[in-house]
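The data block below is protein_31.txt; it holds compact mmCIF, C-alpha atoms.
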# COMPACT_ATOMS: atom_id res chain seq x y z
CA MET Q 7 2.82 12.63 -11.01
CA THR Q 8 6.58 12.79 -11.07
CA GLN Q 9 8.70 12.11 -14.11
CA SER Q 10 10.16 8.99 -12.53
CA THR Q 11 6.68 7.68 -11.80
CA ALA Q 12 5.63 8.33 -15.39
CA GLN Q 13 8.59 6.34 -16.71
CA SER Q 14 8.15 3.39 -14.37
CA LEU Q 15 6.24 0.20 -14.97
CA LYS Q 16 2.56 0.60 -14.19
CA LEU Q 17 0.96 -2.63 -13.01
CA SER Q 18 -2.62 -3.08 -11.93
CA PRO Q 19 -2.95 -3.91 -8.22
CA ALA Q 20 -4.11 -7.44 -9.08
CA ARG Q 21 -1.11 -8.12 -11.33
CA ALA Q 22 1.24 -6.57 -8.79
CA ARG Q 23 -0.13 -8.89 -6.12
CA TRP Q 24 0.38 -11.91 -8.35
CA LEU Q 25 3.94 -10.76 -8.97
CA VAL Q 26 4.63 -10.39 -5.25
CA ALA Q 27 2.95 -13.71 -4.47
CA ALA Q 28 5.12 -15.48 -7.05
CA THR Q 29 8.39 -13.62 -6.44
CA TYR Q 30 8.99 -13.94 -2.72
CA PRO Q 31 8.21 -17.66 -2.33
CA ALA Q 32 10.39 -18.38 -5.39
CA LEU Q 33 13.24 -16.30 -3.99
CA VAL Q 34 13.14 -17.75 -0.47
CA VAL Q 35 12.50 -21.37 -1.48
CA GLY Q 36 15.12 -21.22 -4.24
CA TYR Q 37 17.86 -19.86 -2.00
CA LEU Q 38 17.03 -22.13 0.96
CA LEU Q 39 16.86 -25.27 -1.21
CA ASP Q 40 20.18 -24.34 -2.75
CA LEU Q 41 21.81 -23.86 0.65
CA ALA Q 42 20.22 -26.89 2.29
CA LEU Q 43 20.59 -29.48 -0.46
CA GLU Q 44 23.40 -27.96 -2.55
CA PRO Q 45 22.29 -29.55 -5.83
CA GLN Q 46 25.28 -29.82 -8.15
CA SER Q 47 23.80 -30.87 -11.47
CA GLY Q 48 20.77 -32.33 -13.15
CA GLY Q 49 17.15 -31.29 -13.36
CA PHE Q 50 16.78 -30.47 -9.69
CA ALA Q 51 19.75 -28.09 -9.78
CA MET Q 52 18.26 -26.42 -12.85
CA ALA Q 53 14.90 -26.06 -11.12
CA VAL Q 54 16.49 -24.51 -8.03
CA ALA Q 55 18.52 -22.13 -10.20
CA ALA Q 56 15.37 -21.21 -12.11
CA LEU Q 57 13.54 -20.49 -8.84
CA LYS Q 58 16.36 -18.25 -7.64
CA LEU Q 59 16.51 -16.45 -10.98
CA ALA Q 60 12.73 -16.00 -11.04
CA GLY Q 61 12.85 -14.52 -7.56
CA LEU Q 62 15.66 -12.13 -8.45
CA VAL Q 63 14.01 -11.03 -11.69
CA GLY Q 64 10.68 -10.63 -9.86
CA CYS Q 65 12.33 -8.39 -7.27
CA GLY Q 66 13.88 -6.38 -10.11
CA VAL Q 67 10.48 -5.95 -11.76
CA ILE Q 68 8.87 -4.94 -8.46
CA PHE Q 69 11.64 -2.39 -8.05
CA LEU Q 70 10.75 -0.88 -11.45
CA THR Q 71 7.02 -0.47 -10.77
CA THR Q 72 5.12 2.65 -9.73
CA PHE Q 73 4.80 1.07 -6.27
CA SER Q 74 8.56 1.35 -5.92
CA CYS Q 75 8.42 4.99 -7.03
CA THR Q 76 5.89 5.69 -4.28
CA ALA Q 77 7.91 3.68 -1.77
CA ASN Q 78 11.04 5.69 -2.52
CA ALA Q 79 9.49 9.08 -3.29
CA PRO Q 80 10.52 12.14 -1.30
CA ASP Q 81 7.84 13.75 0.87
CA HIS Q 82 7.00 16.60 -1.48
CA GLN Q 83 6.15 14.28 -4.40
CA ILE Q 84 3.41 12.31 -2.65
CA ASP Q 85 0.35 13.26 -0.66
CA GLU Q 86 -0.32 12.63 3.00
CA ARG Q 87 -2.03 9.23 2.51
CA GLU Q 88 0.81 7.99 0.31
CA ARG Q 89 3.33 9.24 2.87
CA ALA Q 90 1.51 7.34 5.63
CA GLU Q 91 1.41 4.17 3.51
CA ARG Q 92 5.06 4.52 2.49
CA ASN Q 93 6.14 4.95 6.11
CA ALA Q 94 4.05 1.97 7.22
CA ALA Q 95 5.51 -0.16 4.40
CA TYR Q 96 9.06 0.80 5.32
CA PHE Q 97 8.39 0.05 8.97
CA ARG Q 98 7.02 -3.40 8.11
CA ALA Q 99 9.93 -4.08 5.74
CA TYR Q 100 12.38 -3.05 8.47
CA GLN Q 101 10.71 -5.46 10.90
CA VAL Q 102 10.87 -8.30 8.37
CA VAL Q 103 14.52 -7.70 7.45
CA ILE Q 104 15.66 -7.33 11.06
CA SER Q 105 13.72 -10.47 12.01
CA ALA Q 106 15.29 -12.37 9.11
CA VAL Q 107 18.80 -11.29 10.11
CA PHE Q 108 18.12 -12.20 13.73
CA LEU Q 109 16.69 -15.60 12.79
CA LEU Q 110 19.67 -16.22 10.52
CA PHE Q 111 22.00 -15.36 13.38
CA LEU Q 112 20.16 -17.72 15.75
CA ALA Q 113 20.04 -20.48 13.13
CA LEU Q 114 23.78 -20.25 12.51
CA ILE Q 115 24.53 -20.43 16.24
CA GLY Q 116 22.11 -23.33 16.66
CA LEU Q 117 23.56 -25.26 13.75
CA ARG Q 118 27.08 -24.69 15.02
CA LEU Q 119 26.18 -25.98 18.48
CA LEU Q 120 24.15 -28.96 17.29
CA THR Q 121 26.08 -30.13 14.25
CA GLU Q 122 29.38 -28.29 14.47
CA TRP Q 123 28.66 -27.03 10.97
CA THR Q 124 30.34 -23.74 10.16
CA PRO Q 125 29.00 -21.76 7.22
CA THR Q 126 31.37 -20.82 4.44
CA VAL Q 127 31.79 -17.26 3.22
CA GLY Q 128 29.83 -18.28 0.13
CA THR Q 129 26.90 -19.46 2.25
CA ILE Q 130 26.83 -16.20 4.19
CA GLU Q 131 27.03 -14.26 0.93
CA GLU Q 132 24.07 -16.20 -0.46
CA LEU Q 133 21.98 -15.58 2.65
CA LEU Q 134 22.84 -11.89 2.75
CA THR Q 135 22.01 -11.62 -0.96
CA LEU Q 136 18.62 -13.17 -0.27
CA ILE Q 137 17.91 -10.75 2.58
CA GLY Q 138 19.38 -7.77 0.75
CA ILE Q 139 17.60 -8.25 -2.59
CA GLY Q 140 14.37 -9.28 -0.90
CA GLY Q 141 14.54 -6.36 1.52
CA LEU Q 142 15.31 -3.85 -1.20
CA ALA Q 143 12.07 -4.49 -3.04
CA LEU Q 144 10.03 -5.27 0.07
CA PRO Q 145 8.54 -1.78 0.74
CA ALA Q 146 7.24 -1.65 -2.85
CA ALA Q 147 5.98 -5.23 -2.55
CA ILE Q 148 4.11 -4.33 0.64
CA LEU Q 149 2.54 -1.29 -1.04
CA ALA Q 150 1.52 -3.45 -4.01
CA TRP Q 151 0.08 -6.11 -1.74
CA ARG Q 152 -1.95 -3.60 0.28
CA SER Q 153 -3.27 -1.58 -2.67
CA PRO Q 154 -7.02 -1.85 -3.19
CA ALA Q 155 -8.21 -4.30 -5.86
CA GLU Q 156 -9.09 -1.71 -8.46
CA GLU Q 157 -9.24 2.01 -8.21
CA ASP Q 158 -11.45 3.77 -10.71
CA GLU Q 159 -10.68 7.40 -11.33
CA ARG Q 160 -14.07 8.86 -11.95
CA MET A 9 -11.48 5.51 15.40
CA THR A 10 -13.33 5.85 12.11
CA VAL A 11 -14.04 9.31 10.80
CA HIS A 12 -17.26 9.34 8.79
CA ASN A 13 -17.67 11.79 5.95
CA ARG A 14 -20.04 13.05 3.30
CA ILE A 15 -17.43 13.70 0.62
CA THR A 16 -19.21 11.55 -2.00
CA LEU A 17 -22.49 13.38 -1.41
CA PHE A 18 -21.00 16.86 -1.72
CA ARG A 19 -18.75 15.90 -4.62
CA THR A 20 -21.51 14.38 -6.73
CA GLU A 21 -23.89 17.20 -5.86
CA ARG A 22 -21.39 19.71 -7.17
CA GLY A 23 -20.71 17.62 -10.28
CA LEU A 24 -17.04 17.05 -9.50
CA SER A 25 -15.07 13.98 -10.49
CA ARG A 26 -12.55 12.50 -8.09
CA LYS A 27 -9.81 13.92 -10.28
CA ASP A 28 -11.34 17.40 -10.13
CA LEU A 29 -11.68 17.31 -6.37
CA ALA A 30 -8.18 15.88 -5.97
CA ALA A 31 -6.76 18.73 -8.05
CA LEU A 32 -8.66 21.29 -5.96
CA VAL A 33 -7.29 19.99 -2.65
CA GLY A 34 -3.87 18.91 -3.95
CA VAL A 35 -3.90 15.15 -3.47
CA ASN A 36 -3.79 12.02 -5.64
CA PRO A 37 -7.26 11.06 -7.04
CA GLN A 38 -6.85 7.67 -5.36
CA THR A 39 -6.74 9.44 -2.02
CA ILE A 40 -10.23 10.84 -2.65
CA GLY A 41 -11.38 7.26 -3.28
CA PHE A 42 -9.79 6.12 -0.02
CA LEU A 43 -11.45 8.98 1.87
CA GLU A 44 -14.87 8.24 0.36
CA ARG A 45 -14.64 4.56 1.24
CA GLY A 46 -13.49 5.36 4.76
CA GLY A 47 -10.15 3.71 4.11
CA TYR A 48 -8.20 6.74 5.25
CA SER A 49 -8.85 9.45 7.82
CA PRO A 50 -7.57 12.83 6.62
CA SER A 51 -5.30 15.20 8.49
CA VAL A 52 -6.86 18.35 9.92
CA GLU A 53 -5.29 20.32 7.07
CA LEU A 54 -6.81 18.16 4.34
CA ALA A 55 -10.19 18.10 6.10
CA LEU A 56 -10.17 21.91 6.26
CA ARG A 57 -9.21 22.15 2.58
CA LEU A 58 -12.08 19.84 1.62
CA ALA A 59 -14.54 21.83 3.74
CA ARG A 60 -13.33 25.03 2.10
CA VAL A 61 -13.77 23.60 -1.40
CA PHE A 62 -17.36 22.61 -0.62
CA GLY A 63 -18.02 25.83 1.31
CA VAL A 64 -19.40 24.01 4.35
CA PRO A 65 -18.39 23.86 8.01
CA LEU A 66 -16.12 21.00 8.98
CA ASP A 67 -18.77 19.19 11.01
CA ALA A 68 -21.10 19.12 8.00
CA LEU A 69 -18.48 17.11 6.14
CA PHE A 70 -16.89 14.97 8.86
CA SER A 71 -18.22 13.30 11.97
CA LEU A 72 -17.08 10.76 14.53
CA ASP A 73 -20.58 9.26 14.45
CA PRO A 74 -22.17 7.85 11.31
CA PHE A 75 -24.26 10.37 9.41
CA PRO A 76 -27.96 9.54 9.23
CA SER A 77 -29.04 8.58 5.73
CA LEU A 78 -30.68 11.21 3.59
CA ALA A 79 -33.89 9.17 3.49
CA ASP A 80 -34.01 9.05 7.30
CA GLN A 81 -33.44 12.76 7.52
CA LEU A 82 -36.14 13.54 4.96
CA GLY A 83 -38.47 11.03 6.58
CA GLY A 84 -38.09 12.79 9.91
CA LEU A 85 -39.17 16.14 8.52
CA PRO A 86 -42.75 17.25 9.00
CA LEU A 87 -44.73 16.97 5.79
CA LYS A 88 -45.44 20.23 4.00
CA PRO A 89 -49.10 21.05 3.63
CA GLN A 90 -50.16 20.07 0.14
CA GLY A 91 -53.06 22.54 -0.02
CA GLU A 92 -56.66 21.76 0.44
CA PHE A 93 -58.21 19.21 -1.82
CA ARG A 94 -61.67 20.07 -2.97
Translate this structure into structure tokens?
Amino acid sequence: MTQSTAQSLKLSPARARWLVAATYPALVVGYLLDLALEPQSGGFAMAVAALKLAGLVGCGVIFLTTFSCTANAPDHQIDERERAERNAAYFRAYQVVISAVFLLFLALIGLRLLTEWTPTVGTIEELLTLIGIGGLALPAAILAWRSPAEEDER
Amino acid sequence: MTVHNRITLFRTERGLSRKDLAALVGVNPQTIGFLERGGYSPSVELALRLARVFGVPLDALFSLDPFPSLADQLGGLPLKPQGEFR
């Protein structure tokens, strides 16, 4: 075990899955509601802000877990199974991020053609933040999601 | 294609924990668990290291076909003569 792994947050696979299951929906729904409805004040605006914050904090926590250490470990620090899983997680994360960027691109073109709506720089920044923050923690989230329920070390 | 193995059998017979075996072949103990459950097929290098640790040929430890159960194998053996009963 590497020093960085020893210092990182160790979550059980079940807890890590709960974290992933709560984080990503909160992040995506929070950002999309904010962009679509643009709540200015009141309870709904607070709820949307709380969702976004929960998603961002969740991504930060995922990034601090041992799953993130494995996801970002160099080859010599992990064994062949972990390398295979890390590579598969990165490949899946790459597919998701590229798909999200492509869908965003198509959606912006579609909206411009249909409604003549042009996104502001702020809107683009928000969307890129969503994809960037979500994509940064995604390999670790995929590893956490795919880890077996409980691993006893007899 | 699934690679079947007898790692659990050999490991328990030799009184090794997963941690012990993992240390002997240089992998994470979780990887031994994955191998035993058939959740991961090892590289040729790791398979050879495992066979060396147990001191058995590779095909005694790994197979492309399921291994027959120990009970079936023992059941197929001819019975030893028990001696005459007087």
Pick the closest to chain A from Q:Ser18, Q:Gln83, Q:Thr29, Q:Asn93: which is it, counting all atoms listed in the file?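 Under the stated criterion, the closest residue is Q:Gln83.
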Closest to Leu56 in chain A among A:Met9, A:Leu17, A:Leu82, A:Leu69, using all atoms listed in the file?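 That would be A:Leu69, the residue with the smallest distance to Leu56 in chain A.
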Using only C-alpha atoms, determine which residues lie at most 8 Å from Leu43 in chain A, disregarding the query and same-chain residues fewer than 6 positions distant; provide the list as JSON, numbers by chain. {"A": [13, 15, 49, 50]}
Please check the contacts: residues of chain A at most 10 Å away from chain Q, using only C-alpha atoms, listed as a list in words. Leu24, Ser25, Arg26, Lys27, Asp28, Gly34, Val35, Asn36, Pro37, Gln38, Thr39, Ile40, Gly41, Phe42, Leu43, Gly47, Tyr48, Ser49, Pro50, Ser51 and Leu54 of chain A
Contact residues around Phe18 in chain A with all atoms listed in the file at 12 Å, ignoring same-chain residues under 4 positions, as a PyMOL selection string: chain A and resi 13-14+22-26+29+44+58-64+68-70
In Å, with one decimal, what is the gap from CA of Gly36 in chain Q to CA of Thr135 in chain Q?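 Atom-to-atom, CA of Gly36 in chain Q to CA of Thr135 in chain Q, that is 12.3 Å.
When CA of Thr72 in chain Q is paired with CA of Ala150 in chain Q, their separation reads 9.1 Å.
Reported to one decimal place, the separation of CA of Phe111 in chain Q from CA of Gly64 in chain Q is 26.3 Å.
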Nearest residue to Tyr96 in chain Q from the set Q:Leu112, Q:Val26, Q:Leu133, Q:Leu149 (distances using only C-alpha atoms):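 The closest residue to Tyr96 in chain Q is Q:Leu149.
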Could you list, as a ChimeraX atom specification, every residue within 9 Å of Phe69 in chain Q, counting all atoms listed in the file and ignoring same-chain residues fewer than 2 positions away? /Q:64-67,71-75,142-144,146-147
Hey, which of A:Gly46, A:Glu53, A:Asp67, A:Pro74 ends up closest to Thr16 in chain A? Count only C-alpha atoms. A:Gly46
Using only C-alpha atoms, can you tell me which of Q:Ile139, Q:Leu25, Q:Leu57, Q:Val63 comes closest to Leu38 in chain Q?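 Under the stated criterion, the closest residue is Q:Leu57.
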Can you work out which one of A:Leu72, A:Pro65, A:Arg45, A:Arg57 has the shortest atom-to-atom distance to Leu32 in chain A, counting all atoms listed in the file?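 Comparing A:Leu72, A:Pro65, A:Arg45, A:Arg57 against Leu32 in chain A, the winner is A:Arg57.
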